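Below is input.cif, holding mmCIF, C-alpha atoms.
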data_input
#
loop_
_atom_site.label_atom_id
_atom_site.label_comp_id
_atom_site.auth_asym_id
_atom_site.auth_seq_id
_atom_site.Cartn_x
_atom_site.Cartn_y
_atom_site.Cartn_z
CA MET A 28 0.00 0.00 0.00
CA LEU A 29 1.15 3.55 -0.73
CA PRO A 30 1.73 5.83 2.28
CA VAL A 31 -1.54 7.00 3.79
CA GLN A 32 -0.49 10.64 3.30
CA TYR A 33 -1.03 10.28 -0.45
CA TYR A 34 -4.63 9.36 0.13
CA THR A 35 -5.25 12.03 2.77
CA GLY A 36 -3.70 14.63 0.45
CA LEU A 37 -6.01 13.61 -2.39
CA SER A 38 -8.93 13.54 0.02
CA ILE A 39 -8.15 17.10 1.16
CA ILE A 40 -7.90 18.35 -2.42
CA LEU A 41 -11.26 16.81 -3.32
CA PHE A 42 -12.83 18.18 -0.12
CA ILE A 43 -11.64 21.71 -0.86
CA ILE A 44 -12.87 21.55 -4.46
CA GLY A 45 -16.25 20.54 -3.02
CA ALA A 46 -16.16 23.41 -0.52
CA LEU A 47 -15.29 25.83 -3.34
CA GLY A 48 -18.25 24.46 -5.28
CA VAL A 49 -20.56 25.29 -2.37
CA LEU A 50 -19.11 28.80 -2.15
CA VAL A 51 -18.95 29.63 -5.86
CA ARG A 52 -21.92 28.02 -7.54
CA ARG A 53 -25.42 29.51 -7.32
CA ASN A 54 -27.44 26.56 -8.64
CA ALA A 55 -28.88 24.66 -5.66
CA ILE A 56 -28.54 21.27 -7.38
CA VAL A 57 -24.85 21.84 -8.13
CA ILE A 58 -24.35 22.90 -4.51
CA PHE A 59 -25.86 19.58 -3.43
CA MET A 60 -23.51 17.73 -5.75
CA SER A 61 -20.55 19.57 -4.22
CA VAL A 62 -21.70 18.44 -0.77
CA GLU A 63 -21.72 14.87 -2.10
CA LEU A 64 -18.15 15.38 -3.32
CA MET A 65 -17.10 16.49 0.17
CA LEU A 66 -18.76 13.46 1.80
CA ASN A 67 -17.04 11.23 -0.72
CA SER A 68 -13.61 12.67 0.01
CA ALA A 69 -14.18 12.00 3.71
CA ASN A 70 -15.06 8.42 2.80
CA LEU A 71 -11.77 8.09 0.92
CA ALA A 72 -9.84 9.16 4.01
CA PHE A 73 -11.84 6.69 6.13
CA VAL A 74 -11.01 3.77 3.86
CA ALA A 75 -7.35 4.76 3.57
CA PHE A 76 -6.94 4.86 7.35
CA SER A 77 -8.92 1.63 7.68
CA ARG A 78 -6.39 -0.07 5.39
CA SER A 79 -3.48 1.56 7.17
CA TYR A 80 -4.57 0.44 10.64
CA GLN A 81 -5.83 -2.90 9.29
CA ALA A 82 -9.14 -2.36 11.08
CA MET A 83 -12.54 -2.70 9.46
CA ASN A 84 -14.25 0.01 11.54
CA GLY A 85 -13.46 2.70 8.97
CA GLN A 86 -15.28 0.76 6.28
CA VAL A 87 -18.34 0.40 8.54
CA PHE A 88 -18.35 4.18 8.95
CA VAL A 89 -18.18 4.62 5.18
CA PHE A 90 -21.26 2.42 4.98
CA PHE A 91 -23.08 4.69 7.44
CA VAL A 92 -21.96 7.84 5.62
CA MET A 93 -23.38 6.44 2.38
CA ALA A 94 -26.74 5.76 4.06
CA VAL A 95 -26.85 9.28 5.52
CA ALA A 96 -25.90 10.75 2.14
CA ALA A 97 -28.72 8.86 0.46
CA ALA A 98 -31.21 10.17 3.03
CA GLU A 99 -29.85 13.70 2.66
CA VAL A 100 -30.16 13.60 -1.12
CA ALA A 101 -33.73 12.31 -0.99
CA VAL A 102 -34.90 15.08 1.36
CA GLY A 103 -32.76 17.77 -0.27
CA LEU A 104 -33.97 17.07 -3.78
CA ALA A 105 -37.57 16.96 -2.52
CA LEU A 106 -36.99 20.41 -1.01
CA ILE A 107 -35.55 21.67 -4.29
CA VAL A 108 -38.54 20.36 -6.23
CA ALA A 109 -40.94 22.00 -3.74
CA ILE A 110 -39.05 25.31 -3.96
CA PHE A 111 -39.05 25.15 -7.74
CA HIS A 112 -42.82 24.64 -7.78
CA THR A 113 -43.43 27.79 -5.77
CA LYS A 114 -40.69 30.09 -7.13
CA HIS A 115 -39.83 28.60 -10.54
CA ASN A 116 -36.18 29.18 -9.75
CA ILE A 117 -33.47 27.45 -7.76
CA ASN A 118 -30.89 30.20 -7.81
CA ILE A 119 -30.01 30.50 -4.14
CA ASP A 120 -29.36 34.26 -4.42
CA GLN A 121 -33.09 34.72 -4.97
CA LEU A 122 -34.19 32.42 -2.14
CA ASN A 123 -33.91 35.01 0.59
CA ASN A 124 -37.30 35.02 2.31
CA MET A 125 -38.88 32.33 4.42
CA GLN A 126 -42.44 32.58 3.09
CA GLY A 127 -43.52 29.90 0.69
CA MET B 26 7.65 3.66 -10.31
CA THR B 27 5.70 0.72 -9.09
CA PRO B 28 2.38 -0.16 -10.76
CA ASP B 29 0.57 0.99 -7.62
CA LEU B 30 2.11 4.44 -7.87
CA ILE B 31 1.26 4.79 -11.57
CA LEU B 32 -2.30 3.68 -10.88
CA PHE B 33 -2.61 6.10 -7.95
CA PHE B 34 -1.44 9.15 -9.85
CA GLY B 35 -3.45 8.32 -12.96
CA LEU B 36 -6.61 7.91 -10.93
CA ALA B 37 -5.82 10.98 -8.84
CA ILE B 38 -5.57 13.06 -12.02
CA VAL B 39 -8.93 11.69 -13.20
CA ALA B 40 -10.55 12.35 -9.81
CA ILE B 41 -9.24 15.91 -9.46
CA ALA B 42 -9.95 16.82 -13.09
CA SER B 43 -13.53 15.57 -12.84
CA ALA B 44 -14.00 17.44 -9.55
CA ILE B 45 -12.76 20.65 -11.20
CA GLY B 46 -15.12 19.88 -14.09
CA LEU B 47 -17.97 19.75 -11.57
CA LEU B 48 -16.83 23.08 -10.17
CA LEU B 49 -16.56 24.88 -13.51
CA SER B 50 -19.18 23.41 -15.84
CA LYS B 51 -22.03 25.76 -16.67
CA ASN B 52 -24.51 23.00 -17.41
CA ALA B 53 -25.83 21.03 -14.42
CA VAL B 54 -26.06 17.82 -16.49
CA TYR B 55 -22.35 18.00 -17.33
CA ALA B 56 -21.62 18.64 -13.65
CA ALA B 57 -23.53 15.48 -12.73
CA LEU B 58 -21.67 13.40 -15.34
CA ASN B 59 -18.34 14.73 -14.05
CA LEU B 60 -19.36 13.72 -10.55
CA ILE B 61 -20.18 10.18 -11.74
CA LEU B 62 -16.67 9.95 -13.23
CA ASN B 63 -15.24 11.14 -9.91
CA PHE B 64 -17.21 8.55 -7.94
CA THR B 65 -16.03 5.78 -10.24
CA ALA B 66 -12.40 6.83 -9.84
CA VAL B 67 -12.83 6.83 -6.06
CA ALA B 68 -14.39 3.35 -6.29
CA ILE B 69 -11.19 2.12 -7.96
CA PHE B 70 -9.23 3.72 -5.11
CA TYR B 71 -11.30 1.60 -2.74
CA LEU B 72 -10.30 -1.51 -4.69
CA LEU B 73 -6.65 -0.45 -4.34
CA LEU B 74 -7.21 -0.14 -0.60
CA ASN B 75 -8.59 -3.69 -0.19
CA ALA B 76 -12.20 -2.60 0.26
CA PRO B 77 -14.05 -4.46 -2.52
CA PHE B 78 -17.46 -4.38 -0.85
CA ILE B 79 -17.28 -0.62 -0.30
CA ALA B 80 -16.15 -0.17 -3.91
CA VAL B 81 -19.16 -2.04 -5.26
CA THR B 82 -21.46 -0.14 -2.89
CA GLN B 83 -19.93 3.11 -4.09
CA VAL B 84 -20.72 2.31 -7.72
CA ALA B 85 -24.20 0.97 -6.97
CA VAL B 86 -25.38 3.56 -4.44
CA TYR B 87 -23.44 6.71 -5.32
CA ALA B 88 -22.72 6.48 -9.03
CA GLY B 89 -25.95 4.56 -9.59
CA ALA B 90 -28.85 5.51 -7.37
CA ILE B 91 -27.93 8.94 -6.05
CA MET B 92 -26.69 10.33 -9.36
CA VAL B 93 -29.69 8.95 -11.23
CA LEU B 94 -31.86 10.82 -8.72
CA PHE B 95 -29.85 14.00 -9.38
CA LEU B 96 -30.12 13.66 -13.16
CA PHE B 97 -33.81 12.87 -12.84
CA VAL B 98 -34.47 16.05 -10.85
CA ILE B 99 -32.31 18.19 -13.14
CA MET B 100 -34.20 17.01 -16.20
CA LEU B 101 -37.59 17.10 -14.46
CA LEU B 102 -37.11 20.75 -13.54
CA GLY B 103 -35.29 21.71 -16.72
CA ALA B 104 -32.84 23.36 -14.38
CA GLU B 105 -29.60 22.73 -16.22
CA ARG B 106 -28.96 26.36 -17.22
CA LEU B 107 -30.18 28.42 -14.30
CA GLU B 108 -26.88 30.06 -13.44
CA ALA B 109 -27.61 33.79 -13.42
CA SER B 110 -24.85 36.33 -12.99
CA ALA B 111 -23.74 36.56 -9.39
CA ASP B 112 -25.26 39.29 -7.28
CA LEU B 113 -22.10 39.54 -5.21
CA PRO B 114 -19.21 40.06 -7.65
CA TRP B 115 -16.49 39.86 -4.99
CA GLN B 116 -17.64 36.48 -3.75
CA ARG B 117 -16.15 34.26 -6.44
CA PRO B 118 -12.53 35.55 -6.39
CA LEU B 119 -12.61 35.62 -2.59
CA ALA B 120 -13.77 31.99 -2.49
CA PHE B 121 -10.99 30.92 -4.84
CA ILE B 122 -8.34 32.78 -2.82
CA LEU B 123 -9.52 31.31 0.49
CA GLY B 124 -9.79 27.84 -1.01
CA GLY B 125 -6.26 28.11 -2.41
CA ILE B 126 -4.89 29.13 0.99
CA LEU B 127 -6.75 26.24 2.63
CA ILE B 128 -5.47 23.68 0.14
CA VAL B 129 -1.83 24.80 0.53
CA GLU B 130 -2.07 24.72 4.33
CA ALA B 131 -3.80 21.36 4.51
CA VAL B 132 -1.50 19.59 2.05
CA TYR B 133 1.52 21.07 3.81
CA LEU B 134 0.31 19.85 7.19
CA VAL B 135 -0.54 16.36 6.04
CA ILE B 136 2.43 15.62 3.82
CA PHE B 137 5.28 17.47 5.51
CA ARG B 138 4.36 18.18 9.10
CA TYR B 139 2.61 15.00 10.16
CA SER B 140 4.75 12.25 8.78
CA ALA B 141 3.71 8.64 9.29
CA GLY B 142 5.41 8.42 12.68
CA ALA B 143 3.91 11.61 14.06
CA MET B 144 0.38 10.53 13.14
CA GLY B 145 0.82 7.25 14.97
CA VAL B 146 0.28 5.24 11.79
CA GLN B 147 2.21 2.04 11.58
CA PRO B 148 4.18 1.68 8.37
CA ALA B 149 2.06 0.46 5.51
CA GLY B 150 2.31 -3.11 4.38
CA GLY B 151 2.35 -6.31 6.33
CA ALA B 152 -0.06 -9.16 5.84
CA LEU B 153 -3.72 -8.28 6.05
CA PRO B 154 -6.00 -10.59 8.02
CA PRO B 155 -7.71 -13.00 5.61
CA GLY B 156 -11.03 -11.75 4.26
CA PHE B 157 -10.21 -8.10 5.01
CA GLY B 158 -12.81 -5.84 3.39
CA SER B 159 -15.10 -8.68 2.39
CA ALA B 160 -18.86 -8.44 2.74
CA GLU B 161 -18.72 -11.23 5.31
CA MET B 162 -16.37 -9.38 7.65
CA LEU B 163 -18.25 -6.09 7.22
CA GLY B 164 -21.57 -7.75 7.93
CA ASP B 165 -20.12 -9.46 10.98
CA LEU B 166 -19.04 -6.08 12.37
CA LEU B 167 -22.32 -4.36 11.39
CA PHE B 168 -24.48 -6.86 13.23
CA SER B 169 -22.34 -7.12 16.35
CA ALA B 170 -20.43 -4.01 17.38
CA TYR B 171 -22.44 -1.55 15.26
CA LEU B 172 -25.92 -3.02 15.67
CA LEU B 173 -27.47 0.07 17.29
CA PRO B 174 -26.17 2.55 14.65
CA PHE B 175 -27.39 0.15 11.97
CA GLU B 176 -30.92 0.22 13.38
CA VAL B 177 -30.78 4.00 13.76
CA ILE B 178 -29.82 4.23 10.09
CA SER B 179 -32.91 2.25 9.15
CA ILE B 180 -35.11 4.70 11.09
CA LEU B 181 -33.29 7.61 9.43
CA LEU B 182 -33.95 6.19 5.96
CA LEU B 183 -37.62 5.68 6.80
CA ALA B 184 -37.86 9.28 8.05
CA ALA B 185 -36.18 10.57 4.91
CA MET B 186 -38.59 8.59 2.74
CA ILE B 187 -41.63 9.98 4.56
CA GLY B 188 -40.14 13.47 4.48
CA ALA B 189 -39.58 13.32 0.73
CA ILE B 190 -43.19 12.23 0.19
CA VAL B 191 -44.57 14.95 2.49
CA LEU B 192 -42.50 17.65 0.79
CA THR B 193 -43.49 16.78 -2.76
CA VAL B 194 -47.23 16.18 -2.33
CA LYS B 195 -48.93 18.75 -4.54
CA GLY B 196 -50.65 21.56 -2.66
CA GLY B 197 -49.40 20.45 0.75
CA LEU B 198 -50.08 17.30 2.74
CA ARG B 199 -53.02 18.66 4.76
CA ARG B 200 -55.05 19.71 1.74
CA SER B 201 -54.55 16.41 -0.04
CA LEU B 202 -55.56 14.51 3.10
CA HIS B 203 -58.75 16.57 3.46
CA LYS B 204 -59.66 15.87 -0.13
CA LYS B 205 -59.75 12.13 0.44
#

Whole structure given in structure tokens:
Amino acid sequence: MLPVQYYTGLSIILFIIGALGVLVRRNAIVIFMSVELMLNSANLAFVAFSRSYQAMNGQVFVFFVMAVAAAEVAVGLALIVAIFHTKHNINIDQLNNMQG
Amino acid sequence: MTPDLILFFGLAIVAIASAIGLLLSKNAVYAALNLILNFTAVAIFYLLLNAPFIAVTQVAVYAGAIMVLFLFVIMLLGAERLEASADLPWQRPLAFILGGILIVEAVYLVIFRYSAGAMGVQPAGGALPPGFGSAEMLGDLLFSAYLLPFEVISILLLAAMIGAIVLTVKGGLRRSLHKK
């Protein structure tokens, strides 16, 4: 196995690209996809450390993260569809009041 | 250069390039396709790291189910080109500058400051226990040490399912219940 720093370095780069996506993009769906990218980079670090320590616990946590990500996507996309039906827009700069 | 190293850097280039493609593409459909490529590259990383079950789950759940849901919503809403000009012109350069600083700091800390010894990581290599990363071993752990989190996850998924239905019922849940 390659040194675990290689994998953590790649994981950090992917995480920061995801964070930049959340900061830069204005389309709510693309922001959600960037959040998925960040979760995925965390998973990569989990699996790398799991291999490095030769313990399976990291892979179990990846399993849980995937389940939480699936739940998050289901609710988040339902929210986006509901917002689109009322406002006909998912640009987050225009979603600045709480009334439906 | 060992084969592992060549494979790592090739896949790392694919993963980072597709992530940057997600960041920069103007069309949401292209962003989703870039993300699928990224997830597949990460799945091959999992295979390199002796996690075959997680790799297959990654392809099936992430690159399959979740991204199909994304593409479905994008095409349902016709929302692929909704990027208006930014209302805050200083936001984008500021985000790139801060992200660049963060990336330099983090990579410096991980690669140079915390070497393998300082992080308490034993040197890589050595024989893995037989069956490491298999579905059998993962299931064994899930249903013994992590039984309670596993059950909580099932409740979470049920709640998410109900929440998605409640949110997307036309005209609100209360009205549609009164109609019946």

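Selecting chain A residues within 6 Å of chain B and counting all atoms listed in the file yields Met28, Gln32, Gly36, Gly48, Val51, Asn54, Ser79, Ala98, Val102, Ala105 and Ala109 of chain A.
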
Closest of A:Phe73, A:Phe91, A:Tyr80, A:Phe59 to Gly103 of chain A - atom-to-atom distances counting all atoms listed in the file: A:Phe59

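The residue that comes closest to Ala80 of chain B, out of B:Glu176, B:Ala160, B:Leu36, B:Met100 and on the basis of only C-alpha atoms, is B:Ala160.
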
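For the pair atom CA of Met60 of chain A and atom CA of Phe90 of chain A, the separation is 18.8 Å.
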
On this structure, which residues satisfy the PyMOL selection byres ((chain A and resi 62) around 12), written as JSON, numbers by chain? {"A": [41, 42, 43, 44, 45, 46, 47, 48, 49, 50, 52, 55, 56, 57, 58, 59, 60, 61, 63, 64, 65, 66, 67, 68, 69, 96, 97, 99, 100, 103], "B": [44, 47, 48, 60]}

Go ahead and dump the residues you just picked, C-alpha atoms, as a compact mmCIF listing (two decimals), in the frame of the given file.
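Generated file (result_8.txt):
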# COMPACT_ATOMS: atom_id res chain seq x y z
CA LEU A 41 -11.26 16.81 -3.32
CA PHE A 42 -12.83 18.18 -0.12
CA ILE A 43 -11.64 21.71 -0.86
CA ILE A 44 -12.87 21.55 -4.46
CA GLY A 45 -16.25 20.54 -3.02
CA ALA A 46 -16.16 23.41 -0.52
CA LEU A 47 -15.29 25.83 -3.34
CA GLY A 48 -18.25 24.46 -5.28
CA VAL A 49 -20.56 25.29 -2.37
CA LEU A 50 -19.11 28.80 -2.15
CA ARG A 52 -21.92 28.02 -7.54
CA ALA A 55 -28.88 24.66 -5.66
CA ILE A 56 -28.54 21.27 -7.38
CA VAL A 57 -24.85 21.84 -8.13
CA ILE A 58 -24.35 22.90 -4.51
CA PHE A 59 -25.86 19.58 -3.43
CA MET A 60 -23.51 17.73 -5.75
CA SER A 61 -20.55 19.57 -4.22
CA GLU A 63 -21.72 14.87 -2.10
CA LEU A 64 -18.15 15.38 -3.32
CA MET A 65 -17.10 16.49 0.17
CA LEU A 66 -18.76 13.46 1.80
CA ASN A 67 -17.04 11.23 -0.72
CA SER A 68 -13.61 12.67 0.01
CA ALA A 69 -14.18 12.00 3.71
CA ALA A 96 -25.90 10.75 2.14
CA ALA A 97 -28.72 8.86 0.46
CA GLU A 99 -29.85 13.70 2.66
CA VAL A 100 -30.16 13.60 -1.12
CA GLY A 103 -32.76 17.77 -0.27
CA ALA B 44 -14.00 17.44 -9.55
CA LEU B 47 -17.97 19.75 -11.57
CA LEU B 48 -16.83 23.08 -10.17
CA LEU B 60 -19.36 13.72 -10.55

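The spacing separating atom CA of Asn70 of chain A from atom CA of Pro28 of chain B amounts to 23.7 Å.
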
Coordinates of segment 59-78 of chain B, N, CA and C atoms, as a PDB file, in the first residue's frame:
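What landed in part-v9.pdb:
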ATOM      1  N   ASN B  59     -19.681  14.628 -14.630  1.00  0.00           N
ATOM      2  CA  ASN B  59     -18.340  14.731 -14.049  1.00  0.00           C
ATOM      3  C   ASN B  59     -18.276  14.084 -12.679  1.00  0.00           C
ATOM      4  N   LEU B  60     -19.342  14.291 -11.894  1.00  0.00           N
ATOM      5  CA  LEU B  60     -19.358  13.723 -10.547  1.00  0.00           C
ATOM      6  C   LEU B  60     -19.412  12.197 -10.610  1.00  0.00           C
ATOM      7  N   ILE B  61     -20.135  11.648 -11.589  1.00  0.00           N
ATOM      8  CA  ILE B  61     -20.177  10.183 -11.737  1.00  0.00           C
ATOM      9  C   ILE B  61     -18.778   9.659 -12.037  1.00  0.00           C
ATOM     10  N   LEU B  62     -18.046  10.367 -12.926  1.00  0.00           N
ATOM     11  CA  LEU B  62     -16.672   9.949 -13.231  1.00  0.00           C
ATOM     12  C   LEU B  62     -15.809   9.978 -11.970  1.00  0.00           C
ATOM     13  N   ASN B  63     -15.988  11.030 -11.163  1.00  0.00           N
ATOM     14  CA  ASN B  63     -15.242  11.144  -9.911  1.00  0.00           C
ATOM     15  C   ASN B  63     -15.556   9.980  -8.978  1.00  0.00           C
ATOM     16  N   PHE B  64     -16.836   9.642  -8.834  1.00  0.00           N
ATOM     17  CA  PHE B  64     -17.214   8.552  -7.939  1.00  0.00           C
ATOM     18  C   PHE B  64     -16.623   7.231  -8.415  1.00  0.00           C
ATOM     19  N   THR B  65     -16.594   7.033  -9.733  1.00  0.00           N
ATOM     20  CA  THR B  65     -16.034   5.784 -10.244  1.00  0.00           C
ATOM     21  C   THR B  65     -14.542   5.705  -9.965  1.00  0.00           C
ATOM     22  N   ALA B  66     -13.830   6.829 -10.144  1.00  0.00           N
ATOM     23  CA  ALA B  66     -12.402   6.833  -9.840  1.00  0.00           C
ATOM     24  C   ALA B  66     -12.165   6.516  -8.366  1.00  0.00           C
ATOM     25  N   VAL B  67     -12.987   7.095  -7.490  1.00  0.00           N
ATOM     26  CA  VAL B  67     -12.833   6.831  -6.057  1.00  0.00           C
ATOM     27  C   VAL B  67     -13.139   5.365  -5.746  1.00  0.00           C
ATOM     28  N   ALA B  68     -14.088   4.773  -6.493  1.00  0.00           N
ATOM     29  CA  ALA B  68     -14.389   3.347  -6.294  1.00  0.00           C
ATOM     30  C   ALA B  68     -13.154   2.498  -6.612  1.00  0.00           C
ATOM     31  N   ILE B  69     -12.400   2.891  -7.646  1.00  0.00           N
ATOM     32  CA  ILE B  69     -11.194   2.120  -7.959  1.00  0.00           C
ATOM     33  C   ILE B  69     -10.138   2.331  -6.872  1.00  0.00           C
ATOM     34  N   PHE B  70     -10.104   3.531  -6.278  1.00  0.00           N
ATOM     35  CA  PHE B  70      -9.228   3.719  -5.105  1.00  0.00           C
ATOM     36  C   PHE B  70      -9.582   2.739  -3.991  1.00  0.00           C
ATOM     37  N   TYR B  71     -10.882   2.529  -3.785  1.00  0.00           N
ATOM     38  CA  TYR B  71     -11.300   1.595  -2.736  1.00  0.00           C
ATOM     39  C   TYR B  71     -10.802   0.187  -3.041  1.00  0.00           C
ATOM     40  N   LEU B  72     -10.825  -0.191  -4.329  1.00  0.00           N
ATOM     41  CA  LEU B  72     -10.297  -1.512  -4.690  1.00  0.00           C
ATOM     42  C   LEU B  72      -8.804  -1.586  -4.378  1.00  0.00           C
ATOM     43  N   LEU B  73      -8.072  -0.479  -4.658  1.00  0.00           N
ATOM     44  CA  LEU B  73      -6.648  -0.447  -4.341  1.00  0.00           C
ATOM     45  C   LEU B  73      -6.411  -0.607  -2.848  1.00  0.00           C
ATOM     46  N   LEU B  74      -7.374  -0.131  -2.051  1.00  0.00           N
ATOM     47  CA  LEU B  74      -7.210  -0.139  -0.595  1.00  0.00           C
ATOM     48  C   LEU B  74      -7.841  -1.373   0.036  1.00  0.00           C
ATOM     49  N   ASN B  75      -8.040  -2.438  -0.721  1.00  0.00           N
ATOM     50  CA  ASN B  75      -8.588  -3.693  -0.191  1.00  0.00           C
ATOM     51  C   ASN B  75      -9.967  -3.507   0.428  1.00  0.00           C
ATOM     52  N   ALA B  76     -10.837  -2.746  -0.243  1.00  0.00           N
ATOM     53  CA  ALA B  76     -12.203  -2.602   0.259  1.00  0.00           C
ATOM     54  C   ALA B  76     -13.170  -2.909  -0.876  1.00  0.00           C
ATOM     55  N   PRO B  77     -13.232  -4.163  -1.338  1.00  0.00           N
ATOM     56  CA  PRO B  77     -14.052  -4.460  -2.518  1.00  0.00           C
ATOM     57  C   PRO B  77     -15.542  -4.244  -2.295  1.00  0.00           C
ATOM     58  N   PHE B  78     -16.019  -4.556  -1.086  1.00  0.00           N
ATOM     59  CA  PHE B  78     -17.457  -4.381  -0.849  1.00  0.00           C
ATOM     60  C   PHE B  78     -17.844  -2.908  -0.906  1.00  0.00           C
TER      61      PHE B  78
END
